[in-house]
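Let me begin by presenting the structure, written as structure tokens, before commenting on it.
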Amino acid sequence: MSGRARVRARGIRVHSQHALEVGRPQASTESTSADLSHSDAPSSSGSVGTSRTSQKSKSDSAGDAGPTLLGRDGRLRRDLVDASVCTREKLAHVRDCKTGSSGIPVTLVTNLFTIDLPQDWQLYQYNVTYTPNLESRKLRTALLYGHRELSSKAKVFDGAILFLSQKLEEEVTELFSETHRGEAVKMTLMLTGALPSSSPVCIQVFSIIFKKILKKLSMYQIGRNYFDPKKPVEIPQHKLSLWPGLAISVSHCESRLLFSANVCYKVLRNETVLEFMTSLYHSTGASAFTQACEKALLGLIVLTRYNNKTYRIDDIDWSVKPTHTFQKRDSSEITYVDYYQQQYDITLSDLNQPVLVSLLKSKRNDNTEARIVHLIPELCFLTGLTKQAVSDFQLMKAVSEVTCLSPLGRQQRLARLADDIQRNRDARFELETWGLHFGHQMSLTGRVAPSEKVLMQDHVCQPGSAADWSKDIRACKVLSAPSLNQWLLIYSGREENINESFLSCLRRAGSSMGFNVNYPKIVKVQENPAAFLRAIQQYVHPDVQLVMCILSSNQKSYYDVIKKYLSSDCPMPSQCVLTRTLNKQGIMMSLATKIAMQVTCKLGGELWAVEIPLKSLMVVGIDVCKDAQNKGIVVVGCVASINPRITRWYSRCILQRTTTDVADCLKVFMTGALNKWYKHNHEVPARIIVYRDGVGDGQLRTLIDYEVPQLLSSVAESSSSASSRLSVIVVRKKCIPRFFTERNHTLQNPPLGTVVDSEATRPAWYDFYLISQVAHQGTVNPTYYNVIYDDNGLKPDHMQRLTFKLCHLYYNWPGVIRIPAPCQYAHKLTFLVAQSIHKEPSLELAHSLFYL
Amino acid sequence: MDENNVQCENVADKNLEEVANTVIKFKPPLYRQRYQFVKDLVTRYEPKKVADLGCGDTSLLWMLKFHKCIELLVGVDINEEKLQRKKYKLSPLIGDYLKPREKTLTVTLYHGSAVERDARLLAFDLIACVELIEHLESEDLARFPAVVFGFMSPAMVVISTPNSEFNPLFPAVTLRDSDHKFEWNRRQFQTWALEVAHRYGYSVNFTGVGEPPDGCEHVGYCTQIGIFRKSLTKEAELCIPEQQEEHAYDVVYTTTYPSLQQPKYRQYAVVNEVVSQVDNMRRDLLESLKPQDNRDFMGLPQDTGRPGPPVQCFPSVLAQLTASLEKTPKPFCVGNVFYVPLERLFSLPKVKHLCINIEMLRTLLADAVMLNSDGSAVMVAMQEQDQDE
């Protein structure tokens with residue numbers, strides 16, 4: 001397995017689920033910045049051609065002007081849009097009951113807390129108009145909040161709509177107030193509705209209330225989450241400071257309102273840009289410094305020390321020094337040194353440092369020129385983890401040691417939060433004024449599906465653990481493997497002997513699994529991507545089955561050139577292996593086994609199967625992602641099984657030029673897949689189950705209106721007589737709930753195959769959670785399934801079991817994975833295309849898992 | 001001479017009308033000039049304890065919180081709701097946690113009035129009353145001097161208020177704000193101020209912000225300001241207030257900034273500095289052990305056309321450091337362990353600044369990094385471990 005593939009596989013297995021915020025560029029870190037925020041970074045002067053037309057108006061610096069209820073575009077939060085899509089009512093077989101009954105019951109502790117409120121609780125919505133009309137939301141809010149009539153009431157106001165938990169006496173209430181300038185203002189409050197606690201708007205108001213409460217608990221908001229700056233975990237070796245935090249949300253599950261909290265961490269870097277530059281200078285020396293510096297810094301997001309804003313480094317201006325002047329707003333000239341001294345009482349220590357350049361794009365319209373901001377490296381903190389940092393094993397290990405909380409550790413944090421909320425006077429008061437009561441932590445009952453047998457060629461294997469059965473199948477033959485007779489091995493390194501020992505291991509490993517590997521043609525080339533490409537062009541002929549490249553460099557260019565050529569220009573299975581991986585002591589045999597399995601799949605072989613009780617079932621996985629080079633292109637990967645045993649696949653990837661992540665090429669794919677099925681089985685499949693991954697918040701409606709009809713029409717057209725029955729299931733890898741189980745007097749992750757289909761699910765959906773991955777460290781993340789369309793009418797039990805079975809069929813990992821195999825295949829395919837190939841792979845390869 | 005004067009008057013009068021017809025705009029806005037004035041005072045006198053009576057939307061406090069000299073910053077206002085809404089503006093930022101300040105800083109907001117006595121406002125170095133007194137009803141105005149000057153009795157008080165002589169320059173304005181109870185001309189304000197200063201043992205200077213337009217200089221500043229300084233001679237008799245324990249104000253918000261005065265943050269700072277310096281020394285040593293011909297490992301093309309290193313100060317800083325370091329025991333390497341003597345670390349200016357003595361350095365480092373058996377040196381691995389499982 002190539003290093004790349006190994007990382008992938010590890011990625012699938014480990015997934016110690018912890019929400020790790022690597023300080024990704026949050027557009028604005030909840031500005032605690034004041035109205036005086038125009039004293040932000042000085043704009044540069046003269047030479048750079050500053051345009052200072054698009055100053056941020058004061059009303060932009062939100063954060064304190066009361067919560068924004070509706071998004072900037074005046075719409076509901078996107079996940080709440082999804083909540084109002086009711087799919088279950090159309091599915092007759094689950095309308096009354098969507099829960100299964102098989103499996104062993106298990107009691108689960110959750111990260112969900114009940115919120116109790118009176119039976120008849122309602123939220124009153126008022127429309128507020130001002131006469132004369134006031135533009136400023138700040139002023140509107142100040143006048144309304146300042147009014148005696150409302151001062152003691154629980155309220156949320158977004159500048160136009162006011163929500164109260166208690167009804168005002170009159171349907172229309174007129175309030176009078178005065179602005180600072182003495183202008184009389186009339187505020188007219190008109191009752192426009194009374195909302196039940198389950199309504200999406202209400203949920204959003206509850207979220208705002210809980211955000212207020214976390215603020216009262218002295219939590220610090222960064223992005224959407226809340227962090228405790230007083231209890232940082234410092235990792236001085238890597239100049240990191242990790243802030244423990246919580247991601248909270250309120251949702252309406254089956255019959256009640258639930259508050260959920262997930263532990264997360266904010267990774268902050270305790271290093272200014274200047275410190276970074278100094279140490280870089282130290283290691284590169286003067287001559288290479290400028291370039292190394294620009295390479296390392298451009299594109300990074302920095303956080304300013306004085307006003308807490310984030311900027312992207314677009315350039316470094318080496319000609320500007322802190323002693324140079326810039327033009328202030330009042331058009332007076334001042335040096336950067338003096339400016340920071342006067343404004344922030346900061347004395348710059350290094351007067352020779354360059355300035356960082358950031359382009360601020362106007363939010364209003366695109367016509368105005370970007371504004372240029374100069375930032376002083378000494379006053380900017382680096383944020384987030386760089387690619388380099390993420391690939392630093394020691395660093396990531398240090399980070400994950402902190403962030404991977406065990407179920408018990410998590411539970412302690414949750415208990416502390418609940419305790420804090422209940423003890424804090426202000427927090428309790430806030431809840432009480434709304435008539436809410438923070439209830440108890442919820443427990444529920446899940447069911448553990450029985451473990452699956454793995455079917456090999458002449459052996460049925462009951463794995464010791466579904467997490468990893470590589471040992472259990474060591475001596476077994478795979479289901480089918482074409483013989484590898486003619487193949488090429490291209491390498492550039494100096495170590496011929498390594499190649500030899502690898503080849504002999506590969507052949508040994510192959511023969512023990514029933515995969516015959518002949519001796520390849522070996523080609524030695526120069527160490528550059530073009531040399532590899534030339535060798536491939538020269539030596540590949542129609543009888544060659546596989547090209548294996550041994551790369552001495554982990555540079556992406558090698559991989560990309562090889563994969564691009566062999567996926568589309570000259571379709572041919574290929575395998576890349578890193579010399580470094582081969583050089584590792586003591587793992588040669590297990591490595592060779594893994595590569596032998598991968599190569600088998602790439603040649604169209606089958607490794608193992610599980611029992612599938614349905615006789616004519618096609619499963620489909622769909623994933624979508626954006627092209628890495630061209631953001632305007634969406635890569636849609638579709639993978640369909642083409643035999644009843646679900647061991648052979650038809651894979652196709654289509655590039656689509658759209659801005660949304662919605663697939664409009666599904667008909668082309670489905671028709672192709674159904675033809676393939678027909679060719680192999682001489683009939684159309686009786687059932688088709690589609691697993692759709694890569695769905696974002698707020699897309700559910702589009703999926704139902706746009707993707708499902710495409711699938712339905714291609715199914716209908718495929719056969720004149722018996723049409724296949726279709727189910728569509730949305731797969732979400734990220735979800736709010738976490739489940740723990742109590743064993744041996746401590747909390748642990750629930751066993752593999754645990755299904756939850758009650759209480760934490762949504763009343764309007766046919767949905768369930770399934771735990772199909774192992775977290776060796778930390779807490780496991782359940783996968784969330786939402787059946788949005790279902791003609792098959794399978795019992796919930798069967799749907800859940802089938803889904804779990806499909807998690808066993810990913811040939812790159814001898815164990816269960818967190819999503820059904822077709823989704824993971826589709827993901828792997830889109831990833832390869834989006835990262836390396838950037839065009840549609842040849843259809844000649846569609847019958848094999850060439851992208852593994 | 002006389003003629004000249006007359007002419008001037010005429011010009012002035014003409015301008016007065018003209019100006020009144022155009023809207024006067026100050027640049028920067030007048031409120032900012034007032035805040036800047038207080039900020040400049042803080043820069044100049046470096047007070048430790050500063051209060052803003054009538055702090056409103058806390059903008060002035062926000063500007064002042066950056067000052068290193070301030071250790072206690074207090075805002076008082078009668079509008080609690082406003083304080084509630086604005087309070088988080090004053091909480092420490094991420095940067096304040098990452099690079100804690102040198103001295104402590106506590107910011108507290110009180111709900112209360114400038115004419116109520118609260119012992120927590122005693123012994124301040126500077127109390128600012130920006131555009132406050134003109135909002136006071138006459139009986140409150142009468143009580144104000146006794147509370148601020150008599151009771152709180154800070155070292156310095158700065159009071160700003162509109163100068164009504166300027167008002168004719170504004171179109172059709174009687175009072176500048178509907179809540180103003182009065183607006184004084186310069187003579188009225190100065191009479192009041194001198195009287196107050198005399199009674200409570202202060203000296204007072206007058207100035208202002210908001211320059212009048214050309215030709216209208218005679219109206220004076222738009223905002224008039226009095227700076228009161230306590231006379232040392234009178235201090236003794238006036239500084240003992242009778243009721244020390246009066247607490248008339250309610251705390252709306254209080255926050256303490258992270259600072260190096262707190263052991264936790266001092267330790268973080270020391271450990272961070274030591275770890276990164278030790279790492280630099282280790283890398284230097286590794287680098288010097290490498291054969292010379294391997295040093296172009298970066299493979300980056302030579303920088304062209306730029307004379308000298310782009311960040312010129314780095315070498316000089318390094319040179320400086322090297323000079324001070326030379327006298328101390330050198331780091332050394334035994335097997336794969338790299339030792340840096342604490343004595344050497346202690347000679348680093350930043351470390352020295354944070355620790356009183358080597359003993360303190362040792363204590364702060366003890367549970368964060370590995371020390372050798374007698375605690376005289378920091379130990380790290382010379383070569384990084386293989387980066388794989």
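Going by the structure tokens order, chains are called A, B, ..., each with residues numbered from 1, while ligands are numbered from 1 in the order shown.
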
Problem - Long-range neighbours of range 518-526 of chain A as a ChimeraX atom specification, 6 Å cut-off, only C-alpha atoms, 3 positions minimum in chain - result: /A:484-485,487-492,531

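Note that DSSP on the backbone gives alpha helix (DSSP H) to these residues of range 331-403 of chain A: Tyr336, Val337, Asp338, Tyr339, Tyr340, Gln341, Gln342, Gln343, Tyr344, Lys387, Gln388, Ala389, Val390, Phe393, Gln394, Leu395, Met396, Lys397, Ala398, Val399, Ser400, Glu401, Val402 and Thr403 of chain A.
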
Save the residues we just selected, N, CA, C and O atoms, as an mmCIF file, in the first residue's frame?
data_model
loop_
_atom_site.group_PDB
_atom_site.id
_atom_site.type_symbol
_atom_site.label_atom_id
_atom_site.label_comp_id
_atom_site.auth_asym_id
_atom_site.auth_seq_id
_atom_site.Cartn_x
_atom_site.Cartn_y
_atom_site.Cartn_z
ATOM 1 N N TYR A 336 3.961 53.621 11.546
ATOM 2 C CA TYR A 336 3.333 52.461 12.177
ATOM 3 C C TYR A 336 3.735 52.372 13.649
ATOM 4 O O TYR A 336 2.920 52.077 14.512
ATOM 5 N N VAL A 337 5.009 52.660 13.893
ATOM 6 C CA VAL A 337 5.500 52.605 15.271
ATOM 7 C C VAL A 337 4.693 53.532 16.173
ATOM 8 O O VAL A 337 4.199 53.127 17.226
ATOM 9 N N ASP A 338 4.546 54.763 15.710
ATOM 10 C CA ASP A 338 3.824 55.739 16.531
ATOM 11 C C ASP A 338 2.357 55.365 16.663
ATOM 12 O O ASP A 338 1.740 55.531 17.711
ATOM 13 N N TYR A 339 1.800 54.870 15.572
ATOM 14 C CA TYR A 339 0.397 54.518 15.595
ATOM 15 C C TYR A 339 0.112 53.479 16.670
ATOM 16 O O TYR A 339 -0.787 53.653 17.489
ATOM 17 N N TYR A 340 0.913 52.419 16.670
ATOM 18 C CA TYR A 340 0.649 51.364 17.651
ATOM 19 C C TYR A 340 0.985 51.813 19.050
ATOM 20 O O TYR A 340 0.352 51.391 20.021
ATOM 21 N N GLN A 341 1.975 52.679 19.163
ATOM 22 C CA GLN A 341 2.309 53.225 20.475
ATOM 23 C C GLN A 341 1.137 54.046 21.006
ATOM 24 O O GLN A 341 0.695 53.858 22.130
ATOM 25 N N GLN A 342 0.638 54.908 20.165
ATOM 26 C CA GLN A 342 -0.418 55.807 20.629
ATOM 27 C C GLN A 342 -1.736 55.074 20.824
ATOM 28 O O GLN A 342 -2.433 55.265 21.809
ATOM 29 N N GLN A 343 -2.068 54.247 19.842
ATOM 30 C CA GLN A 343 -3.384 53.632 19.874
ATOM 31 C C GLN A 343 -3.469 52.500 20.894
ATOM 32 O O GLN A 343 -4.446 52.387 21.606
ATOM 33 N N TYR A 344 -2.438 51.707 20.962
ATOM 34 C CA TYR A 344 -2.533 50.483 21.764
ATOM 35 C C TYR A 344 -1.441 50.366 22.811
ATOM 36 O O TYR A 344 -1.297 49.330 23.446
ATOM 37 N N LYS A 387 -0.196 22.820 6.845
ATOM 38 C CA LYS A 387 -0.093 21.484 6.284
ATOM 39 C C LYS A 387 1.108 20.782 6.889
ATOM 40 O O LYS A 387 1.072 19.605 7.218
ATOM 41 N N GLN A 388 2.172 21.567 7.015
ATOM 42 C CA GLN A 388 3.408 21.043 7.565
ATOM 43 C C GLN A 388 3.168 20.546 8.996
ATOM 44 O O GLN A 388 3.617 19.472 9.379
ATOM 45 N N ALA A 389 2.414 21.339 9.745
ATOM 46 C CA ALA A 389 2.147 20.960 11.132
ATOM 47 C C ALA A 389 1.298 19.705 11.192
ATOM 48 O O ALA A 389 1.522 18.826 12.017
ATOM 49 N N VAL A 390 0.300 19.634 10.306
ATOM 50 C CA VAL A 390 -0.592 18.486 10.321
ATOM 51 C C VAL A 390 0.169 17.207 9.981
ATOM 52 O O VAL A 390 -0.125 16.137 10.489
ATOM 53 N N PHE A 393 4.123 14.295 12.794
ATOM 54 C CA PHE A 393 3.520 13.240 13.610
ATOM 55 C C PHE A 393 3.586 13.567 15.097
ATOM 56 O O PHE A 393 2.604 13.405 15.827
ATOM 57 N N GLN A 394 4.749 14.054 15.538
ATOM 58 C CA GLN A 394 4.915 14.358 16.969
ATOM 59 C C GLN A 394 3.904 15.410 17.410
ATOM 60 O O GLN A 394 3.292 15.310 18.464
ATOM 61 N N LEU A 395 3.767 16.417 16.567
ATOM 62 C CA LEU A 395 2.856 17.505 16.911
ATOM 63 C C LEU A 395 1.418 17.009 16.994
ATOM 64 O O LEU A 395 0.706 17.261 17.961
ATOM 65 N N MET A 396 1.005 16.280 15.989
ATOM 66 C CA MET A 396 -0.366 15.813 15.970
ATOM 67 C C MET A 396 -0.620 14.842 17.115
ATOM 68 O O MET A 396 -1.716 14.788 17.667
ATOM 69 N N LYS A 397 0.425 14.091 17.468
ATOM 70 C CA LYS A 397 0.277 13.170 18.587
ATOM 71 C C LYS A 397 0.050 13.966 19.871
ATOM 72 O O LYS A 397 -0.850 13.666 20.653
ATOM 73 N N ALA A 398 0.850 15.024 20.033
ATOM 74 C CA ALA A 398 0.702 15.856 21.221
ATOM 75 C C ALA A 398 -0.689 16.478 21.268
ATOM 76 O O ALA A 398 -1.318 16.550 22.322
ATOM 77 N N VAL A 399 -1.172 16.908 20.104
ATOM 78 C CA VAL A 399 -2.504 17.520 20.062
ATOM 79 C C VAL A 399 -3.575 16.484 20.371
ATOM 80 O O VAL A 399 -4.472 16.724 21.179
ATOM 81 N N SER A 400 -3.444 15.308 19.760
ATOM 82 C CA SER A 400 -4.525 14.347 19.953
ATOM 83 C C SER A 400 -4.517 13.772 21.367
ATOM 84 O O SER A 400 -5.552 13.343 21.866
ATOM 85 N N GLU A 401 -3.354 13.796 22.003
ATOM 86 C CA GLU A 401 -3.346 13.341 23.391
ATOM 87 C C GLU A 401 -4.241 14.217 24.264
ATOM 88 O O GLU A 401 -4.826 13.769 25.231
ATOM 89 N N VAL A 402 -4.308 15.475 23.886
ATOM 90 C CA VAL A 402 -5.158 16.389 24.649
ATOM 91 C C VAL A 402 -6.601 16.296 24.183
ATOM 92 O O VAL A 402 -7.527 16.247 24.977
ATOM 93 N N THR A 403 -6.773 16.266 22.850
ATOM 94 C CA THR A 403 -8.127 16.445 22.340
ATOM 95 C C THR A 403 -8.948 15.155 22.291
ATOM 96 O O THR A 403 -10.161 15.219 22.251
#

Practice task
May I ask which of the residues B:Glu165, B:Glu273, B:Glu102, B:Glu131 is the closest one to chain A, counting only C-alpha atoms?
Solution key: B:Glu273

Problem - Contacts of Asp797 in chain A within 8 Å, only C-alpha atoms, excl. fewer than 2 positions in-chain, as an MDAnalysis selection string - result: chainID A and resid 99:102 794:795 799:801

For those residues, write all heavy atoms to a file as a tab-separated table (two decimals), in the first residue's frame.
chain	number	residue	atom	x	y	z
A	99	THR	N	-38.92	2.13	14.37
A	99	THR	CA	-37.86	1.51	15.17
A	99	THR	C	-37.79	0.02	14.90
A	99	THR	O	-38.79	-0.64	14.63
A	99	THR	CB	-38.12	1.71	16.68
A	99	THR	OG1	-39.43	1.23	16.98
A	99	THR	CG2	-38.04	3.17	17.05
A	100	GLY	N	-36.58	-0.48	14.98
A	100	GLY	CA	-36.38	-1.91	14.81
A	100	GLY	C	-36.49	-2.61	16.16
A	100	GLY	O	-36.73	-1.98	17.18
A	101	SER	N	-36.35	-3.95	16.15
A	101	SER	CA	-36.47	-4.66	17.42
A	101	SER	C	-35.41	-5.72	17.61
A	101	SER	O	-35.21	-6.22	18.70
A	101	SER	CB	-37.87	-5.29	17.52
A	101	SER	OG	-38.06	-6.11	16.39
A	102	SER	N	-34.69	-6.06	16.53
A	102	SER	CA	-33.70	-7.14	16.68
A	102	SER	C	-32.43	-6.62	17.34
A	102	SER	O	-32.22	-5.42	17.46
A	102	SER	CB	-33.38	-7.74	15.31
A	102	SER	OG	-32.57	-6.84	14.59
A	794	LEU	N	-38.61	-2.11	3.11
A	794	LEU	CA	-37.94	-3.02	4.04
A	794	LEU	C	-38.28	-2.60	5.46
A	794	LEU	O	-38.47	-1.43	5.74
A	794	LEU	CB	-36.42	-2.93	3.85
A	794	LEU	CG	-35.81	-3.41	2.54
A	794	LEU	CD1	-34.31	-3.21	2.57
A	794	LEU	CD2	-36.16	-4.87	2.31
A	795	LYS	N	-38.29	-3.57	6.35
A	795	LYS	CA	-38.52	-3.24	7.76
A	795	LYS	C	-37.33	-2.44	8.26
A	795	LYS	O	-36.19	-2.68	7.83
A	795	LYS	CB	-38.62	-4.52	8.58
A	795	LYS	CG	-39.96	-5.21	8.45
A	795	LYS	CD	-40.12	-6.15	9.64
A	795	LYS	CE	-40.29	-7.58	9.17
A	795	LYS	NZ	-40.10	-8.55	10.23
A	799	MET	N	-33.32	-2.66	7.12
A	799	MET	CA	-32.58	-1.54	6.56
A	799	MET	C	-31.32	-1.29	7.38
A	799	MET	O	-30.23	-1.07	6.85
A	799	MET	CB	-33.50	-0.31	6.57
A	799	MET	CG	-32.98	0.83	5.73
A	799	MET	SD	-32.73	0.37	4.01
A	799	MET	CE	-33.92	1.37	3.18
A	800	GLN	N	-31.47	-1.35	8.69
A	800	GLN	CA	-30.33	-1.10	9.58
A	800	GLN	C	-29.28	-2.20	9.45
A	800	GLN	O	-28.08	-1.92	9.34
A	800	GLN	CB	-30.82	-1.00	11.03
A	800	GLN	CG	-31.72	0.21	11.27
A	800	GLN	CD	-32.59	0.08	12.51
A	800	GLN	OE1	-32.50	-0.91	13.25
A	800	GLN	NE2	-33.45	1.06	12.75
A	801	ARG	N	-29.75	-3.43	9.43
A	801	ARG	CA	-28.81	-4.55	9.31
A	801	ARG	C	-28.06	-4.49	7.98
A	801	ARG	O	-26.85	-4.70	7.92
A	801	ARG	CB	-29.57	-5.89	9.38
A	801	ARG	CG	-29.93	-6.36	10.77
A	801	ARG	CD	-28.73	-6.82	11.57
A	801	ARG	NE	-27.99	-7.97	11.02
A	801	ARG	CZ	-28.35	-9.23	11.14
A	801	ARG	NH1	-29.45	-9.55	11.80
A	801	ARG	NH2	-27.63	-10.19	10.63

Handout entry: Contacts of range 186-195 of chain B at 12 Å (only C-alpha atoms; same-chain gap of 5+ positions) as a PyMOL selection string
Key = chain B and resi 133-134+141-142+144-145+149+157-166+200-208+218-229

Output for the residues just chosen: C-alpha atoms as a JSON list (two decimals), in the first residue's frame:
[["chain", "number", "residue", "atom", "x", "y", "z"],
["B", 133, "ILE", "CA", -22.13, 67.24, 34.47],
["B", 134, "GLU", "CA", -24.49, 68.84, 31.95],
["B", 141, "LEU", "CA", -24.91, 68.92, 40.35],
["B", 142, "ALA", "CA", -24.77, 70.42, 43.80],
["B", 144, "PHE", "CA", -21.42, 66.11, 42.62],
["B", 145, "PRO", "CA", -18.32, 68.01, 43.93],
["B", 149, "PHE", "CA", -13.73, 65.69, 44.90],
["B", 157, "VAL", "CA", -10.12, 64.68, 37.76],
["B", 158, "VAL", "CA", -10.86, 65.62, 34.19],
["B", 159, "ILE", "CA", -14.25, 67.16, 33.43],
["B", 160, "SER", "CA", -15.50, 68.05, 29.98],
["B", 161, "THR", "CA", -18.72, 69.87, 29.11],
["B", 162, "PRO", "CA", -20.09, 71.77, 26.12],
["B", 163, "ASN", "CA", -19.06, 75.38, 25.66],
["B", 164, "SER", "CA", -22.29, 77.22, 24.92],
["B", 165, "GLU", "CA", -20.41, 80.07, 23.24],
["B", 166, "PHE", "CA", -19.77, 77.69, 20.38],
["B", 200, "TYR", "CA", -11.51, 70.57, 47.90],
["B", 201, "GLY", "CA", -7.87, 71.45, 47.55],
["B", 202, "TYR", "CA", -7.34, 71.05, 43.85],
["B", 203, "SER", "CA", -5.68, 73.19, 41.25],
["B", 204, "VAL", "CA", -7.40, 73.45, 37.89],
["B", 205, "ASN", "CA", -6.31, 74.17, 34.32],
["B", 206, "PHE", "CA", -8.66, 74.86, 31.43],
["B", 207, "THR", "CA", -8.40, 73.75, 27.88],
["B", 208, "GLY", "CA", -10.68, 72.04, 25.36],
["B", 218, "HIS", "CA", -13.17, 83.99, 19.95],
["B", 219, "VAL", "CA", -15.86, 81.40, 20.74],
["B", 220, "GLY", "CA", -13.27, 78.97, 22.08],
["B", 221, "TYR", "CA", -13.24, 75.20, 21.90],
["B", 222, "CYS", "CA", -16.46, 73.38, 21.22],
["B", 223, "THR", "CA", -15.88, 71.24, 24.31],
["B", 224, "GLN", "CA", -14.34, 72.86, 27.33],
["B", 225, "ILE", "CA", -12.24, 70.79, 29.66],
["B", 226, "GLY", "CA", -11.02, 71.32, 33.19],
["B", 227, "ILE", "CA", -8.12, 69.29, 34.55],
["B", 228, "PHE", "CA", -8.09, 69.18, 38.32],
["B", 229, "ARG", "CA", -5.02, 68.13, 40.26]]

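Proximity to Ile654 in chain A was assessed for A:Val833, A:Thr593, A:Leu703, A:Thr783 counting only C-alpha atoms; the smallest distance is recorded for A:Val833.
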
Handout entry: Distance query range 804-808 of chain A at most 6 Å, only C-alpha atoms, self and fewer than 3 positions along chain excluded, as a count of residues only
Key = 6

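Those residues that approach Gly75 in chain B to within 10 Å, counting only C-alpha atoms, are Val50, Ala51, Asp52, Leu53, Gly54, Cys55, Gly56, Asp57, Thr58, Leu60, Leu61, Leu83, Val107, Thr108, Leu109, Tyr110, His111, Gly112, Ile127, Ala128, Val252 and Tyr253 of chain B; same-chain residues fewer than 5 positions away are not listed.
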